[in-house]
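K.L.:
What follows is target01.cif, made up of mmCIF, C-alpha atoms:
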```cif
data_final
#
loop_
_atom_site.label_atom_id
_atom_site.label_comp_id
_atom_site.auth_asym_id
_atom_site.auth_seq_id
_atom_site.Cartn_x
_atom_site.Cartn_y
_atom_site.Cartn_z
CA MET A 156 111.28 -22.11 238.15
CA ARG A 157 109.21 -23.56 240.99
CA ILE A 158 109.17 -20.19 242.80
CA THR A 159 107.96 -18.47 239.63
CA GLN A 160 105.20 -21.06 239.15
CA TYR A 161 104.21 -20.71 242.81
CA LEU A 162 103.91 -16.93 242.64
CA ALA A 163 102.03 -17.15 239.35
CA SER A 164 99.52 -19.47 241.01
CA LYS A 165 99.16 -17.04 243.94
CA LEU A 166 98.47 -14.07 241.65
CA LYS A 167 94.80 -14.73 240.96
CA ASN A 168 93.37 -13.24 237.78
CA PHE A 169 90.21 -11.31 238.65
CA SER A 170 88.63 -12.20 235.31
CA ASN A 171 88.93 -15.94 236.13
CA LEU A 172 89.66 -16.53 232.44
CA PRO A 173 92.04 -19.27 231.23
CA LYS A 174 95.53 -18.09 230.30
CA GLU A 175 95.13 -19.60 226.82
CA TYR A 176 92.03 -17.46 226.21
CA ILE A 177 93.81 -14.27 227.31
CA GLU A 178 96.77 -15.01 225.03
CA ARG A 179 94.43 -15.76 222.14
CA SER A 180 92.37 -12.60 222.70
CA LYS A 181 95.38 -10.30 222.34
CA LYS A 182 97.13 -12.28 219.59
CA GLN A 183 97.77 -10.43 216.33
CA VAL A 184 99.00 -12.65 213.47
CA TYR A 185 100.37 -10.76 210.46
CA TRP A 186 101.31 -13.80 208.38
CA GLN A 187 101.63 -17.56 208.73
CA THR A 188 102.50 -20.45 206.46
CA PRO A 189 99.72 -22.68 205.12
CA ARG A 190 98.93 -25.73 207.21
CA GLU A 191 100.26 -28.20 204.68
CA ARG A 192 102.81 -30.97 205.00
CA ASN A 193 105.34 -29.32 202.71
CA TYR A 194 105.46 -26.12 204.81
CA LEU A 195 107.34 -25.61 208.03
CA PRO A 196 105.20 -23.89 210.68
CA ARG A 197 106.22 -20.23 210.60
CA THR A 198 104.28 -17.30 212.02
CA VAL A 199 104.84 -13.56 211.99
CA GLU A 200 102.93 -12.02 214.85
CA ARG A 201 103.08 -9.06 217.17
CA LYS A 202 105.38 -9.51 220.13
CA ARG A 203 105.33 -6.12 221.87
CA PHE A 204 102.16 -4.75 223.44
CA ARG A 205 101.52 -1.58 225.40
CA TYR A 206 100.07 -2.58 228.77
CA THR A 207 97.97 -0.06 230.66
CA THR A 208 95.23 -0.24 233.26
CA ASN A 209 93.06 -1.90 230.58
CA ARG A 210 93.48 -5.64 230.88
CA PRO A 211 94.49 -7.76 227.83
CA TRP A 212 91.08 -9.44 227.42
CA THR A 213 89.15 -6.15 227.11
CA GLY A 214 88.17 -4.20 224.03
CA GLN A 215 89.99 -1.10 225.32
CA PHE A 216 93.26 -3.04 225.26
CA ARG A 217 92.71 -4.10 221.64
CA GLN A 218 91.85 -0.50 220.74
CA GLN A 219 95.10 0.74 222.26
CA ASN A 220 97.09 -1.95 220.42
CA MET A 221 95.55 -1.83 216.97
CA PRO A 222 97.53 -3.56 214.18
CA GLY A 223 100.15 -1.22 212.76
CA THR A 224 100.41 1.00 215.84
CA MET A 225 103.82 0.96 217.48
CA ARG A 226 104.44 2.72 220.78
CA ARG A 227 107.63 3.66 222.55
CA LYS A 228 109.08 0.83 224.60
CA VAL A 229 108.63 1.11 228.36
CA PHE A 230 111.60 -0.01 230.47
CA LEU A 231 110.76 -1.68 233.79
CA GLU A 232 112.77 -2.69 236.80
CA PRO A 233 112.65 -6.50 237.00
CA VAL A 234 110.68 -7.90 239.94
CA GLU A 235 111.91 -11.37 240.83
CA ASP A 236 109.20 -12.23 243.37
CA TRP A 237 105.87 -10.50 242.92
CA SER A 238 104.70 -9.73 246.45
CA PHE A 239 101.64 -7.48 246.24
CA PHE A 240 98.12 -8.87 245.90
CA ARG A 241 94.57 -7.59 245.88
CA GLY A 242 93.40 -6.82 249.40
CA ASP A 243 96.87 -5.93 250.75
CA ARG A 244 97.12 -2.87 252.99
CA ILE A 245 99.99 -0.68 251.81
CA GLU A 246 101.62 2.62 252.76
CA VAL A 247 102.40 5.27 250.15
CA LEU A 248 106.01 6.55 250.12
CA VAL A 249 105.84 9.36 247.54
CA GLY A 250 103.54 12.05 246.20
CA LYS A 251 100.72 14.06 247.73
CA ASP A 252 99.41 11.01 249.60
CA LYS A 253 102.75 10.16 251.23
CA GLY A 254 102.21 8.42 254.55
CA LYS A 255 98.63 7.41 253.82
CA GLN A 256 97.46 3.80 253.79
CA GLY A 257 95.03 2.06 251.47
CA ILE A 258 93.82 -1.26 250.11
CA VAL A 259 95.07 -2.63 246.79
CA THR A 260 92.12 -3.09 244.40
CA GLN A 261 93.89 -3.98 241.15
CA VAL A 262 97.24 -5.52 240.22
CA ILE A 263 98.99 -4.93 236.88
CA PRO A 264 102.23 -6.99 236.99
CA GLU A 265 103.09 -6.20 233.34
CA ARG A 266 103.92 -2.63 234.41
CA ASN A 267 104.82 -3.20 238.09
CA TRP A 268 101.65 -1.31 239.00
CA VAL A 269 98.99 -1.53 241.66
CA ILE A 270 95.90 0.62 242.04
CA VAL A 271 94.97 1.58 245.60
CA GLU A 272 91.47 2.56 246.63
CA GLY A 273 91.19 6.31 247.33
CA ILE A 274 94.94 6.93 246.87
CA ASN A 275 96.73 8.95 244.15
CA TRP A 276 93.44 9.95 242.53
CA HIS A 277 92.63 12.72 240.08
CA TYR A 278 89.67 14.03 238.12
CA ARG A 279 89.31 13.32 234.42
CA ARG A 280 86.74 14.14 231.77
CA VAL A 281 85.06 11.35 229.79
CA GLY A 282 82.42 11.25 227.09
CA ALA A 283 83.12 14.74 225.74
CA GLU A 284 81.67 15.50 222.31
CA LYS A 285 80.95 18.59 220.20
CA GLU A 286 77.59 19.29 221.80
CA PHE A 287 78.19 17.58 225.13
CA PRO A 288 80.92 18.68 227.56
CA GLY A 289 81.22 15.23 229.10
CA ILE A 290 81.30 14.28 232.74
CA ILE A 291 83.98 14.50 235.42
CA ILE A 292 84.86 11.28 237.22
CA LYS A 293 87.29 10.41 239.98
CA SER A 294 90.04 8.01 238.92
CA GLU A 295 92.97 6.44 240.81
CA SER A 296 96.36 6.45 239.11
CA PRO A 297 98.61 3.39 239.44
CA LEU A 298 101.55 3.24 241.84
CA ASN A 299 104.87 1.52 241.18
CA VAL A 300 105.55 -1.39 243.53
CA THR A 301 109.34 -0.98 243.36
CA LYS A 302 109.55 2.57 244.76
CA ASP A 303 106.13 4.06 245.57
CA ILE A 304 104.66 1.73 248.21
CA ARG A 305 105.44 -0.80 250.91
CA LEU A 306 103.42 -3.33 252.86
CA VAL A 307 101.85 -2.62 256.25
CA ASP A 308 102.65 -4.86 259.21
CA PRO A 309 99.34 -6.26 260.56
CA SER A 310 100.68 -6.30 264.12
CA ASP A 311 101.01 -2.50 264.49
CA LEU A 312 99.64 -1.15 261.17
CA GLN A 313 102.96 0.49 260.29
CA GLY A 314 104.86 0.25 257.02
CA THR A 315 107.57 -2.38 256.94
CA GLU A 316 110.02 -4.21 254.72
CA PHE A 317 109.51 -7.94 254.31
CA GLU A 318 110.93 -11.07 252.75
CA TRP A 319 109.66 -14.45 251.60
CA ARG A 320 110.32 -17.37 253.93
CA PHE A 321 109.22 -20.97 254.29
CA THR A 322 107.28 -22.27 257.28
CA GLU A 323 107.86 -25.64 258.91
CA GLU A 324 105.05 -27.05 256.77
CA GLY A 325 106.82 -25.87 253.60
CA GLU A 326 104.44 -22.99 252.84
CA LYS A 327 105.97 -19.85 251.34
CA VAL A 328 104.85 -16.75 253.25
CA ARG A 329 105.71 -13.06 253.58
CA VAL A 330 107.37 -12.12 256.88
CA SER A 331 107.84 -8.62 258.30
CA LEU A 332 111.52 -7.83 258.94
CA ARG A 333 110.68 -5.56 261.89
CA SER A 334 108.31 -7.71 263.94
CA GLY A 335 108.73 -11.18 262.39
CA ARG A 336 104.95 -11.36 261.90
CA ILE A 337 103.61 -13.28 258.92
CA ILE A 338 101.78 -11.05 256.44
CA PRO A 339 99.12 -13.36 254.99
CA ILE A 340 97.87 -13.13 251.42
CA PRO A 341 94.34 -11.68 251.66
CA GLU A 342 91.32 -13.79 250.78
CA THR A 343 90.30 -10.96 248.44
CA ASN A 344 93.04 -12.14 246.10
CA ASN A 345 90.91 -15.22 245.30
CA GLN A 346 87.85 -13.21 244.28
CA THR A 347 86.75 -13.28 240.65
CA TYR A 348 83.69 -12.21 238.69
CA ASP A 349 82.22 -15.64 239.40
CA TYR A 350 82.69 -16.01 243.15
CA LYS A 351 84.03 -14.44 246.34
CA THR A 352 85.83 -17.65 247.29
CA PRO A 353 86.12 -20.93 245.34
CA LYS A 354 84.28 -22.81 248.10
CA ALA A 355 81.35 -20.36 247.96
CA TYR A 356 80.74 -20.95 244.25
CA ILE A 357 77.40 -22.65 243.51
CA GLU A 358 77.53 -25.02 240.56
CA ARG A 359 74.93 -24.31 237.88
CA GLU A 360 73.08 -26.69 235.61
CA LYS A 361 75.53 -26.31 232.71
CA ASP A 362 78.68 -26.40 234.84
CA THR A 363 80.92 -29.43 234.70
CA PRO A 364 81.22 -30.82 238.26
CA ALA A 365 84.64 -30.51 239.85
CA ALA A 366 84.74 -34.26 240.49
CA VAL A 367 84.32 -34.97 236.80
CA VAL A 368 87.04 -32.47 235.84
CA SER A 369 89.56 -33.93 238.28
CA GLU A 370 88.79 -37.53 237.35
CA ILE A 371 91.62 -39.23 235.45
CA THR A 372 90.11 -41.18 232.57
CA PHE A 373 93.08 -41.47 230.23
CA GLN A 374 94.86 -44.81 230.21
CA PRO A 375 98.08 -44.80 228.16
CA LYS A 376 98.32 -47.57 225.59
CA LEU A 377 100.52 -48.48 222.66
CA SER A 378 97.51 -49.06 220.40
CA THR A 379 96.27 -46.51 217.88
CA PHE A 380 92.92 -44.75 217.92
CA GLU A 381 91.53 -47.14 215.32
CA MET A 382 92.67 -50.14 217.36
CA ASP A 383 90.91 -48.76 220.44
CA ILE A 384 87.67 -48.36 218.48
CA MET A 385 87.93 -51.92 217.18
CA GLU A 386 88.52 -53.23 220.69
CA GLU A 387 85.60 -51.23 222.06
CA MET A 388 83.22 -52.48 219.34
CA ASP A 389 84.62 -56.04 219.41
CA ILE A 390 85.76 -55.91 215.78
CA LYS A 391 88.38 -58.44 214.73
CA GLU A 392 90.66 -57.72 211.78
CA GLU A 393 91.15 -60.82 209.66
CA ARG A 394 92.55 -59.19 206.56
CA THR A 395 96.25 -59.30 205.76
CA PRO A 396 97.65 -55.77 205.58
CA ALA A 397 99.54 -54.78 202.44
CA LYS A 398 103.29 -54.37 202.73
CA SER A 399 104.55 -50.81 202.98
CA TYR A 400 108.08 -49.50 202.64
CA TRP A 401 109.71 -46.41 204.15
CA TYR A 402 112.62 -44.72 202.43
#
```
The structure in this file should be written as structure tokens.

P.N.:
Amino acid sequence: MRITQYLASKLKNFSNLPKEYIERSKKQVYWQTPRERNYLPRTVERKRFRYTTNRPWTGQFRQQNMPGTMRRKVFLEPVEDWSFFRGDRIEVLVGKDKGKQGIVTQVIPERNWVIVEGINWHYRRVGAEKEFPGIIIKSESPLNVTKDIRLVDPSDLQGTEFEWRFTEEGEKVRVSLRSGRIIPIPETNNQTYDYKTPKAYIEREKDTPAAVVSEITFQPKLSTFEMDIMEEMDIKEERTPAKSYWY
């Protein structure tokens, strides 16, 4: 579990959006029980989505997964440790670009895909209508991380197999099996729409300062919310509460 949490923290989401927002944006609830005391919480919602190069928080994703549309299930080879990140230099193993190297620009772990700049590209027509033929654009197709690519060793710029190891300081790193060189996770992996690196982000007027966010203000008590308010406002309760019985 700790390895999974570690890798999930390493895989930076380029949108920089909270996970709760992404889950809420793609959620499709068909039916749920009323929020009353005499109802058990039950929800009927969509569980299977078709993941493509359109990310779950975009309108294109919602258009491809409209309510009532069911697509054929896609079977994937399980990847225990996700090991490819934005900014990695990889070597292509199959197809017309076999032997070429490129930089990973987008990661789609839901389909075991990565998109590499200038690799495995094709032309496609967009915006075609009855009176307008559309335009031709260049688009890169995704590559499968389990069989189509491998990492490049930074020591000699040659493709290599690797494995995850721990350093003496306890940091989990990728190590080339051929040279023993550490393959660092690129700084590009930390880029988002908001900043190139977290340290380079400039706080705006409406931003909550990081010191305020990390400050621990909650103090656990056995008193209720009402008792805390009374203590804060120096209110003393002198009335005798009525007896209540639980059956």

K.L.:
Report, in Å with one decimal, the straight-line distance from CA of Trp268 (chain A) to CA of Val307 (chain A).

P.N.:
17.3 Å

K.L.:
The PyMOL selection byres ((chain A and resi 330) around 12) - which residues does that actually catch in the file I just gave you? List them as a PyMOL selection string.

P.N.:
chain A and resi 238+306-310+315-322+326-329+331-340

K.L.:
Report as a VMD selection string the residues that result from applying the PyMOL selection byres ((chain A and resi 341-345) around 6) to the structure here.

P.N.:
chain A and resid 167 241 to 242 340 346 352

K.L.:
The PyMOL selection byres ((chain A and resi 228) around 12) - which residues does that actually catch in the file I just gave you? List them as JSON, numbers by chain.

P.N.:
{"A": [202, 203, 204, 205, 206, 225, 226, 227, 229, 230, 231, 266]}

K.L.:
Counting all atoms listed in the file, figure out which residue out of A:Lys174, A:Lys181, A:Lys255, A:Lys376 gets nearest to Glu272 (chain A).

P.N.:
A:Lys255

K.L.:
Provide the CA of Thr260 (chain A) to CA of Phe240 (chain A) distance in Å, to one decimal place.

P.N.:
8.5 Å

K.L.:
Out of A:Ile258, A:Ile245, A:Ile270, A:Leu195, which residue has the shortest atom-to-atom distance to Thr208 (chain A) when counting only C-alpha atoms?

P.N.:
A:Ile270

K.L.:
Measure the distance from CA of Gly223 (chain A) to CA of Glu265 (chain A) in Å and round it to one decimal.

P.N.:
21.4 Å

K.L.:
Compare A:Thr301, A:Val199, A:Ile390, A:Tyr185 by their minimum atom-to-atom distance to Trp237 (chain A), counting all atoms listed in the file, and give me the closest one.

P.N.:
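Once distances to Trp237 (chain A) are computed over all atoms listed in the file, the minimum belongs to A:Thr301.
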
K.L.:
Can you pull out the residues contacting Pro222 (chain A)? Cut-off 10 Å, using only C-alpha atoms, and skip same-chain residues under 5 positions away; I want them as a ChimeraX atom specification.

P.N.:
/A:183-185,201,217

K.L.:
Please provide the set of residues having any atom within 9 Å of region 276-284 of chain A, restricted to only C-alpha atoms, with same-chain residues fewer than 2 positions apart removed, written as a list in words.

P.N.:
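The contact residues come out as Glu272, Gly273, Ile274, Glu286, Phe287, Pro288, Gly289, Ile290, Ile291, Ile292, Lys293, Ser294, Glu295, Ser296 and Pro297 of chain A.
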
K.L.:
How would the residues just chosen look if you wrote them out with C-alpha atoms as a PDB file, in the coordinates of the input?

P.N.:
```pdb
ATOM      1  CA  GLU A 272      91.470   2.560 246.630  1.00  0.00           C
ATOM      2  CA  GLY A 273      91.190   6.310 247.330  1.00  0.00           C
ATOM      3  CA  ILE A 274      94.940   6.930 246.870  1.00  0.00           C
ATOM      4  CA  GLU A 286      77.590  19.290 221.800  1.00  0.00           C
ATOM      5  CA  PHE A 287      78.190  17.580 225.130  1.00  0.00           C
ATOM      6  CA  PRO A 288      80.920  18.680 227.560  1.00  0.00           C
ATOM      7  CA  GLY A 289      81.220  15.230 229.100  1.00  0.00           C
ATOM      8  CA  ILE A 290      81.300  14.280 232.740  1.00  0.00           C
ATOM      9  CA  ILE A 291      83.980  14.500 235.420  1.00  0.00           C
ATOM     10  CA  ILE A 292      84.860  11.280 237.220  1.00  0.00           C
ATOM     11  CA  LYS A 293      87.290  10.410 239.980  1.00  0.00           C
ATOM     12  CA  SER A 294      90.040   8.010 238.920  1.00  0.00           C
ATOM     13  CA  GLU A 295      92.970   6.440 240.810  1.00  0.00           C
ATOM     14  CA  SER A 296      96.360   6.450 239.110  1.00  0.00           C
ATOM     15  CA  PRO A 297      98.610   3.390 239.440  1.00  0.00           C
TER      16      PRO A 297
END
```

K.L.:
Need the shell around Ser170 (chain A): protein/DNA/RNA residues with any atom at most 10 Å away, counting all atoms listed in the file. Skip same-chain ones fewer than 2 positions apart. Format as JSON, numbers by chain?

P.N.:
{"A": [167, 168, 172, 173, 177, 210, 212, 346, 347, 348, 349]}

K.L.:
For Gly257 (chain A), which residue out of A:Pro353, A:Gly314, A:Gly325, A:Pro364 is the nearest one, using all atoms listed in the file?

P.N.:
A:Gly314

K.L.:
When you count all atoms listed in the file, which of these residues is closest to Glu246 (chain A): A:Met385, A:Ile304, A:Ala397, A:Val269?

P.N.:
A:Ile304
